[in-house]
file input.tsv (TSV, C-alpha atoms)
chain	number	residue	atom	x	y	z
A	179	MET	CA	51.32	35.31	157.97
A	180	TYR	CA	52.76	36.39	161.24
A	181	ARG	CA	51.06	37.50	164.41
A	182	GLY	CA	50.37	41.22	164.33
A	183	ARG	CA	51.39	41.52	160.69
A	184	GLU	CA	49.21	42.22	157.64
A	185	GLY	CA	47.97	38.66	157.28
A	186	GLN	CA	46.55	38.54	160.78
A	187	TRP	CA	44.79	41.90	160.42
A	188	ALA	CA	43.37	40.81	157.06
A	189	PHE	CA	42.08	37.58	158.63
A	190	ALA	CA	40.57	39.26	161.70
A	191	LEU	CA	38.79	41.88	159.60
A	192	HIS	CA	37.54	39.19	157.20
A	193	ARG	CA	35.99	37.30	160.12
A	194	ILE	CA	34.44	40.34	161.79
A	195	THR	CA	32.99	41.71	158.53
A	196	GLY	CA	31.73	38.22	157.62
A	197	VAL	CA	29.86	37.85	160.93
A	198	ILE	CA	28.39	41.37	160.55
A	199	ILE	CA	27.21	40.55	157.01
A	200	ILE	CA	25.54	37.19	157.82
A	201	LEU	CA	23.76	38.65	160.87
A	202	TYR	CA	22.55	41.55	158.73
A	203	LEU	CA	21.53	39.14	155.96
A	204	LEU	CA	19.35	37.09	158.33
A	205	ALA	CA	17.51	40.27	159.35
A	206	HIS	CA	17.40	41.55	155.75
A	207	VAL	CA	15.73	38.42	154.36
A	208	GLY	CA	13.32	38.39	157.31
A	209	GLU	CA	12.45	42.05	156.73
A	210	LEU	CA	11.69	41.55	153.02
A	211	THR	CA	9.83	38.30	153.64
A	212	ALA	CA	7.38	40.45	155.60
A	213	ALA	CA	6.27	41.77	152.20
A	214	MET	CA	4.22	38.58	151.96
A	215	LEU	CA	1.98	40.06	154.67
A	216	GLY	CA	0.87	42.72	152.18
A	217	PRO	CA	1.54	46.44	151.59
A	218	LYS	CA	0.25	47.70	154.94
A	219	TYR	CA	2.57	45.70	157.20
A	220	SER	CA	5.40	45.66	154.69
A	221	ASN	CA	5.47	49.45	154.39
A	222	ALA	CA	5.32	49.84	158.16
A	223	ILE	CA	8.30	47.52	158.61
A	224	LEU	CA	10.32	49.10	155.77
A	225	HIS	CA	9.54	52.57	157.12
A	226	PHE	CA	10.69	51.55	160.59
A	227	PHE	CA	14.11	50.58	159.21
A	228	HIS	CA	14.43	53.89	157.36
A	229	GLN	CA	15.25	55.65	160.64
A	230	PRO	CA	18.70	57.27	160.62
A	231	LEU	CA	20.14	54.84	163.19
A	232	PHE	CA	19.36	51.81	160.98
A	233	GLN	CA	20.51	53.65	157.85
A	234	LEU	CA	23.86	54.37	159.50
A	235	GLY	CA	24.07	50.69	160.39
A	236	LEU	CA	23.33	49.79	156.77
A	237	LEU	CA	26.11	52.12	155.60
A	238	ALA	CA	28.47	50.27	157.94
A	239	VAL	CA	27.26	46.92	156.53
A	240	ILE	CA	27.98	48.19	153.00
A	241	GLY	CA	31.54	48.97	154.14
A	242	ALA	CA	31.80	45.46	155.59
A	243	VAL	CA	30.65	44.00	152.25
A	244	TYR	CA	33.24	46.04	150.30
A	245	TYR	CA	36.08	44.87	152.52
A	246	HIS	CA	34.91	41.24	152.63
A	247	ALA	CA	34.51	41.15	148.82
A	248	LEU	CA	37.91	42.68	148.08
A	249	ASN	CA	39.77	40.61	150.68
A	250	GLY	CA	37.88	37.55	149.41
A	251	ILE	CA	39.42	38.13	145.98
A	252	ARG	CA	42.81	38.38	147.73
A	253	ILE	CA	42.19	35.00	149.39
A	254	ILE	CA	41.23	33.43	146.04
A	255	LEU	CA	44.42	34.84	144.46
A	256	MET	CA	46.45	33.40	147.34
A	257	ASP	CA	44.79	30.00	146.97
A	258	PHE	CA	44.85	29.56	143.22
A	259	THR	CA	47.94	31.37	141.94
A	260	SER	CA	51.59	30.55	142.47
A	261	TRP	CA	52.46	34.15	143.42
A	262	GLY	CA	49.49	35.18	145.59
A	263	THR	CA	50.82	34.06	148.97
A	264	ARG	CA	54.25	35.55	148.32
A	265	ILE	CA	52.82	39.04	147.90
A	266	GLN	CA	49.82	38.68	150.23
A	267	ASP	CA	50.87	41.73	152.27
A	268	LYS	CA	51.04	43.91	149.15
A	269	LEU	CA	47.70	42.49	148.02
A	270	TRP	CA	46.23	43.54	151.36
A	271	TYR	CA	47.36	47.13	150.85
A	272	GLY	CA	45.74	46.87	147.42
A	273	VAL	CA	42.54	45.70	149.15
A	274	LEU	CA	42.64	48.70	151.52
A	275	THR	CA	43.29	51.13	148.65
A	276	LEU	CA	40.42	49.78	146.54
A	277	PHE	CA	38.23	49.77	149.65
A	278	ALA	CA	38.87	53.48	150.17
A	279	LEU	CA	38.25	54.23	146.49
A	280	LEU	CA	34.87	52.45	146.66
A	281	TYR	CA	33.73	53.37	150.16
A	282	ILE	CA	34.56	57.08	150.31
A	283	PRO	CA	32.30	57.97	147.32
A	284	THR	CA	29.60	55.68	148.75
A	285	VAL	CA	29.68	57.50	152.09
A	286	ILE	CA	29.66	60.89	150.34
A	287	LYS	CA	26.58	59.79	148.38
A	288	ILE	CA	24.58	58.09	151.16
A	289	LEU	CA	25.45	60.03	154.34
A	290	PRO	CA	23.63	63.27	153.35
A	291	GLU	CA	20.55	61.23	152.37
A	292	ILE	CA	20.31	59.75	155.85
A	293	PHE	CA	20.05	63.14	157.48
A	294	GLY	CA	18.24	64.81	154.60
A	295	GLY	CA	15.16	62.73	155.44
A	296	GLY	CA	13.66	60.14	153.15
A	297	HIS	CA	10.04	59.53	152.29
B	135	MET	CA	37.12	20.63	161.39
B	136	ALA	CA	37.43	23.74	159.31
B	137	ILE	CA	40.31	23.78	156.86
B	138	ARG	CA	42.86	26.55	157.49
B	139	THR	CA	45.17	26.72	154.57
B	140	ARG	CA	45.81	28.71	151.49
B	141	LYS	CA	46.40	26.12	148.76
B	142	PHE	CA	44.07	23.57	147.19
B	143	ASP	CA	46.51	20.62	147.48
B	144	GLU	CA	47.14	21.51	151.13
B	145	ALA	CA	43.41	21.80	151.69
B	146	LYS	CA	42.97	18.38	150.15
B	147	ARG	CA	45.53	16.88	152.51
B	148	GLN	CA	44.11	18.69	155.53
B	149	ALA	CA	40.44	17.96	154.87
B	150	THR	CA	39.05	15.56	157.45
B	151	THR	CA	36.16	14.62	155.16
B	152	ASN	CA	35.25	15.02	151.49
B	153	LEU	CA	32.38	17.25	152.58
B	154	GLU	CA	34.82	19.63	154.30
B	155	LEU	CA	36.84	19.90	151.07
B	156	ILE	CA	33.68	20.56	149.06
B	157	TRP	CA	32.81	23.41	151.46
B	158	TRP	CA	36.34	24.83	151.05
B	159	VAL	CA	35.85	24.91	147.27
B	160	PHE	CA	32.28	26.19	147.63
B	161	MET	CA	33.43	29.18	149.73
B	162	ARG	CA	35.76	30.29	146.93
B	163	LEU	CA	33.35	29.70	144.03
B	164	SER	CA	30.31	31.24	145.75
B	165	GLY	CA	32.48	34.06	147.07
B	166	LEU	CA	33.66	35.01	143.59
B	167	LEU	CA	30.08	34.99	142.23
B	168	LEU	CA	28.80	36.92	145.25
B	169	VAL	CA	31.34	39.72	144.69
B	170	PHE	CA	29.54	40.58	141.44
B	171	LEU	CA	26.00	39.76	142.60
B	172	VAL	CA	26.14	41.69	145.87
B	173	LEU	CA	28.00	44.73	144.50
B	174	ALA	CA	25.39	44.98	141.71
B	175	HIS	CA	22.66	44.58	144.35
B	176	ILE	CA	24.12	47.42	146.44
B	177	PHE	CA	24.51	49.59	143.36
B	178	ALA	CA	20.87	49.01	142.33
B	179	ASN	CA	19.30	49.55	145.75
B	180	ASN	CA	21.63	51.90	147.61
B	181	ILE	CA	23.60	53.93	145.07
B	182	ARG	CA	21.32	54.33	142.06
B	183	ILE	CA	18.43	55.26	144.35
B	184	SER	CA	18.21	56.14	148.02
B	185	ASN	CA	17.50	53.14	150.22
B	186	THR	CA	14.84	55.19	152.02
B	187	GLU	CA	12.75	55.30	148.80
B	188	ILE	CA	12.21	51.55	148.99
B	189	ASP	CA	8.62	50.59	149.77
B	190	TYR	CA	6.25	47.72	149.05
B	191	ASN	CA	5.64	48.88	145.44
B	192	TYR	CA	9.35	49.03	144.71
B	193	VAL	CA	9.88	45.50	146.05
B	194	ALA	CA	6.84	44.22	144.13
B	195	THR	CA	7.97	45.86	140.88
B	196	ARG	CA	11.45	44.40	141.22
B	197	PHE	CA	10.21	40.89	141.94
B	198	SER	CA	7.84	41.03	138.96
B	199	GLN	CA	10.86	40.90	136.62
B	200	PRO	CA	11.91	37.31	135.76
B	201	MET	CA	15.62	38.22	135.64
B	202	VAL	CA	15.49	39.78	139.10
B	203	LYS	CA	13.71	36.69	140.45
B	204	LEU	CA	16.35	34.39	139.03
B	205	ILE	CA	19.32	36.49	140.14
B	206	ASP	CA	17.88	37.17	143.61
B	207	VAL	CA	17.10	33.50	144.30
B	208	LEU	CA	20.65	32.61	143.23
B	209	MET	CA	22.13	35.40	145.36
B	210	LEU	CA	19.93	34.54	148.37
B	211	THR	CA	20.88	30.87	148.32
B	212	LEU	CA	24.61	31.42	147.72
B	213	ALA	CA	24.85	34.21	150.30
B	214	LEU	CA	23.01	32.32	153.05
B	215	LEU	CA	25.02	29.11	152.46
B	216	HIS	CA	28.33	31.03	152.26
B	217	GLY	CA	27.48	33.04	155.38
B	218	THR	CA	26.21	30.07	157.35
B	219	ASN	CA	29.28	28.00	156.58
B	220	GLY	CA	31.48	30.97	157.51
B	221	LEU	CA	29.64	31.35	160.79
B	222	ARG	CA	30.07	27.59	161.36
B	223	TYR	CA	33.88	28.07	161.08
B	224	VAL	CA	33.69	30.86	163.65
B	225	ILE	CA	31.47	28.82	166.02
B	226	GLU	CA	33.74	25.77	165.74
B	227	ASP	CA	36.78	27.94	166.52
B	228	TYR	CA	35.43	29.74	169.55
B	229	VAL	CA	32.69	27.63	171.17
B	230	ARG	CA	34.66	24.89	172.91
B	231	HIS	CA	31.79	23.27	174.84
B	232	ASP	CA	30.36	20.36	172.79
B	233	GLY	CA	26.77	20.80	173.92
B	234	TRP	CA	26.63	24.54	173.35
B	235	ARG	CA	28.44	24.29	170.02
B	236	ASN	CA	26.00	21.70	168.68
B	237	PHE	CA	23.01	23.60	170.03
B	238	ILE	CA	24.10	26.92	168.47
B	239	LYS	CA	24.81	25.21	165.13
B	240	PHE	CA	21.41	23.48	165.21
B	241	VAL	CA	19.59	26.79	165.82
B	242	LEU	CA	21.63	28.47	163.06
B	243	TYR	CA	20.82	25.75	160.50
B	244	LEU	CA	17.14	25.87	161.44
B	245	VAL	CA	16.93	29.67	161.03
B	246	VAL	CA	18.78	29.55	157.70
B	247	ALA	CA	16.61	26.72	156.32
B	248	VAL	CA	13.48	28.70	157.18
B	249	LEU	CA	14.90	31.90	155.64
B	250	ILE	CA	15.98	30.22	152.38
B	251	ALA	CA	12.51	28.65	152.06
B	252	ALA	CA	10.75	31.90	153.00
B	253	GLY	CA	12.93	33.96	150.66
B	254	ILE	CA	12.27	31.68	147.69
B	255	MET	CA	8.57	31.69	148.52
B	256	LEU	CA	8.61	35.47	148.65
B	257	VAL	CA	10.33	35.86	145.29
B	258	PHE	CA	7.98	33.48	143.50
B	259	SER	CA	4.69	34.01	145.26
B	260	PHE	CA	4.54	37.79	145.40
B	261	PRO	CA	0.97	39.04	144.86
B	262	PHE	CA	1.78	41.11	141.80
B	263	ASN	CA	-1.86	41.74	141.03
B	264	LYS	CA	-2.10	43.71	144.25
B	265	ILE	CA	0.58	46.28	143.40
B	266	GLY	CA	-0.44	49.55	144.95
B	267	GLY	CA	-3.50	47.93	146.50

call {"tool": "encode", "arguments": {"input": "input.tsv", "output": "structure tokens"}}
result
Amino acid sequence: MYRGREGQWAFALHRITGVIIILYLLAHVGELTAAMLGPKYSNAILHFFHQPLFQLGLLAVIGAVYYHALNGIRIILMDFTSWGTRIQDKLWYGVLTLFALLYIPTVIKILPEIFGGGH
Amino acid sequence: MAIRTRKFDEAKRQATTNLELIWWVFMRLSGLLLVFLVLAHIFANNIRISNTEIDYNYVATRFSQPMVKLIDVLMLTLALLHGTNGLRYVIEDYVRHDGWRNFIKFVLYLVVAVLIAAGIMLVFSFPFNKIGG
């Protein structure tokens, strides 16, 4: 893993996506916990987060999750197999390929919904 | 100190404490489980339906199913612990000032403890009899 090579990019992206996900998760659990206040407040809060700006943010968080999950599998392969570290750069291109295969259809599905208006 | 290595035997040698080694293993185990749990969660709530359809009734209906309760409590706990420990690595790497580092970690642990408790309370104490009411 050399500076500026695949390993360092993989690591930096893993960190950034991880921080994005945990910050989102703290808000996400808080938002749903508001359901304990009953339907009136809960619906108001959920509705507030259905605005396009937040939905776009959520779509970005989904992308972060995809990358973090796939690169996490790469890390596990590097840690627990004899060959993982040797081909870690190839594994990272595999991560990016799978990421594109998952994320592009997701964006195609969700993006029109954001601007099509929900309920 | 956080372990930065890529092999279990190296991690074992590098670990300053047993607890640090346990966290290293936990990150990999919880991470593997979370791949399946979170991708299924995204599929159920963002792909299968539109996220903007989610309202109180939807949440209540989901949490009335025992399997969802079980899986969501597991996912909530694993995800918050995995994320908090990850954020601890980041804080320990970048916040050099002892006082600030300890303060930020303390606030983080407090928030996470409250959210795990609140989340579990939510999943198990939902007023199902009031659906739609």

call {"tool": "closest_atom_pairs", "arguments": {"input": "input.tsv", "of": "chain B", "to": "chain A", "cutoff": "7 Å", "atoms": "only C-alpha atoms", "output": "JSON lines"}}
result
{"residue": "B:Arg140", "atom": "CA", "partner": "A:Asp257", "partner_atom": "CA", "distance": 4.8}
{"residue": "B:Lys141", "atom": "CA", "partner": "A:Asp257", "partner_atom": "CA", "distance": 4.6}
{"residue": "B:Phe142", "atom": "CA", "partner": "A:Asp257", "partner_atom": "CA", "distance": 6.5}
{"residue": "B:Arg162", "atom": "CA", "partner": "A:Ile254", "partner_atom": "CA", "distance": 6.4}
{"residue": "B:Gly165", "atom": "CA", "partner": "A:Gly250", "partner_atom": "CA", "distance": 6.8}
{"residue": "B:Leu166", "atom": "CA", "partner": "A:Ile251", "partner_atom": "CA", "distance": 7.0}
{"residue": "B:Val169", "atom": "CA", "partner": "A:Ala247", "partner_atom": "CA", "distance": 5.4}
{"residue": "B:Thr186", "atom": "CA", "partner": "A:Gly296", "partner_atom": "CA", "distance": 5.2}
{"residue": "B:Glu187", "atom": "CA", "partner": "A:His297", "partner_atom": "CA", "distance": 6.1}
{"residue": "B:Asp189", "atom": "CA", "partner": "A:Asn221", "partner_atom": "CA", "distance": 5.7}
{"residue": "B:Tyr190", "atom": "CA", "partner": "A:Pro217", "partner_atom": "CA", "distance": 5.5}
{"residue": "B:Gly217", "atom": "CA", "partner": "A:Ile200", "partner_atom": "CA", "distance": 5.2}
{"residue": "B:Leu221", "atom": "CA", "partner": "A:Val197", "partner_atom": "CA", "distance": 6.5}
{"residue": "B:Leu249", "atom": "CA", "partner": "A:Val207", "partner_atom": "CA", "distance": 6.7}
{"residue": "B:Ala252", "atom": "CA", "partner": "A:Thr211", "partner_atom": "CA", "distance": 6.5}
{"residue": "B:Gly253", "atom": "CA", "partner": "A:Thr211", "partner_atom": "CA", "distance": 6.1}
{"residue": "B:Leu256", "atom": "CA", "partner": "A:Thr211", "partner_atom": "CA", "distance": 5.9}
{"residue": "B:Phe260", "atom": "CA", "partner": "A:Met214", "partner_atom": "CA", "distance": 6.6}

call {"tool": "write_last_selection", "arguments": {"input": "input.tsv", "atoms": "C-alpha atoms", "output": "JSON list (two decimals), in the coordinates of the input"}}
result
[["chain", "number", "residue", "atom", "x", "y", "z"],
["B", 140, "ARG", "CA", 45.81, 28.71, 151.49],
["B", 141, "LYS", "CA", 46.40, 26.12, 148.76],
["B", 142, "PHE", "CA", 44.07, 23.57, 147.19],
["B", 162, "ARG", "CA", 35.76, 30.29, 146.93],
["B", 165, "GLY", "CA", 32.48, 34.06, 147.07],
["B", 166, "LEU", "CA", 33.66, 35.01, 143.59],
["B", 169, "VAL", "CA", 31.34, 39.72, 144.69],
["B", 186, "THR", "CA", 14.84, 55.19, 152.02],
["B", 187, "GLU", "CA", 12.75, 55.30, 148.80],
["B", 189, "ASP", "CA", 8.62, 50.59, 149.77],
["B", 190, "TYR", "CA", 6.25, 47.72, 149.05],
["B", 217, "GLY", "CA", 27.48, 33.04, 155.38],
["B", 221, "LEU", "CA", 29.64, 31.35, 160.79],
["B", 249, "LEU", "CA", 14.90, 31.90, 155.64],
["B", 252, "ALA", "CA", 10.75, 31.90, 153.00],
["B", 253, "GLY", "CA", 12.93, 33.96, 150.66],
["B", 256, "LEU", "CA", 8.61, 35.47, 148.65],
["B", 260, "PHE", "CA", 4.54, 37.79, 145.40]]

call {"tool": "closest_residue", "arguments": {"input": "input.tsv", "among": "A:Phe232, A:Trp187, A:Arg252, A:Ala238", "to": "Gln266 in chain A", "atoms": "all atoms listed in the file"}}
result
A:Arg252

call {"tool": "residues_around", "arguments": {"input": "input.tsv", "residues": "Leu280 in chain A", "least_positions_apart": "6", "cutoff": "10 Å", "atoms": "only C-alpha atoms", "output": "list of chain:residue names"}}
result
A:Gly241, A:Tyr244, A:Tyr245, A:Leu274

call {"tool": "atom_distance", "arguments": {"input": "input.tsv", "atom1": "CA of Arg264 in chain A", "atom2": "CA of Ile156 in chain B"}}
result
25.5 Å

call {"tool": "axis_aligned_box", "arguments": {"input": "input.tsv", "around": "range 238-256 of chain A", "padding_each_side": "3 Å", "output": "JSON"}}
result
{"center_x": 36.9, "center_y": 41.8, "center_z": 151.2, "size_x": 25.2, "size_y": 22.9, "size_z": 19.5}

call {"tool": "atom_distance", "arguments": {"input": "input.tsv", "atom1": "CA of Arg222 in chain B", "atom2": "CA of Tyr243 in chain B"}}
result
9.5 Å

call {"tool": "atom_distance", "arguments": {"input": "input.tsv", "atom1": "CA of Met161 in chain B", "atom2": "CA of Leu208 in chain B"}}
result
14.7 Å

call {"tool": "residues_around", "arguments": {"input": "input.tsv", "residues": "range 235-242 of chain B", "least_positions_apart": "2", "cutoff": "9 Å", "atoms": "all atoms listed in the file", "output": "ChimeraX atom specification"}}
result
/B:218,221-222,225-226,228-233,244-247

call {"tool": "closest_residue", "arguments": {"input": "input.tsv", "among": "A:Phe189, A:Tyr281, A:Tyr271, A:Tyr202", "to": "Ala213 in chain B", "atoms": "all atoms listed in the file"}}
result
A:Tyr202

call {"tool": "closest_residue", "arguments": {"input": "input.tsv", "among": "A:Ala242, A:Ile265, A:Ala278, A:Leu234", "to": "Glu184 in chain A", "atoms": "all atoms listed in the file"}}
result
A:Ile265

call {"tool": "residues_around", "arguments": {"input": "input.tsv", "residues": "Leu212 in chain B", "least_positions_apart": "2", "cutoff": "9 Å", "atoms": "only C-alpha atoms", "output": "PyMOL selection string"}}
result
chain B and resi 164-165+167-168+207-210+214-217
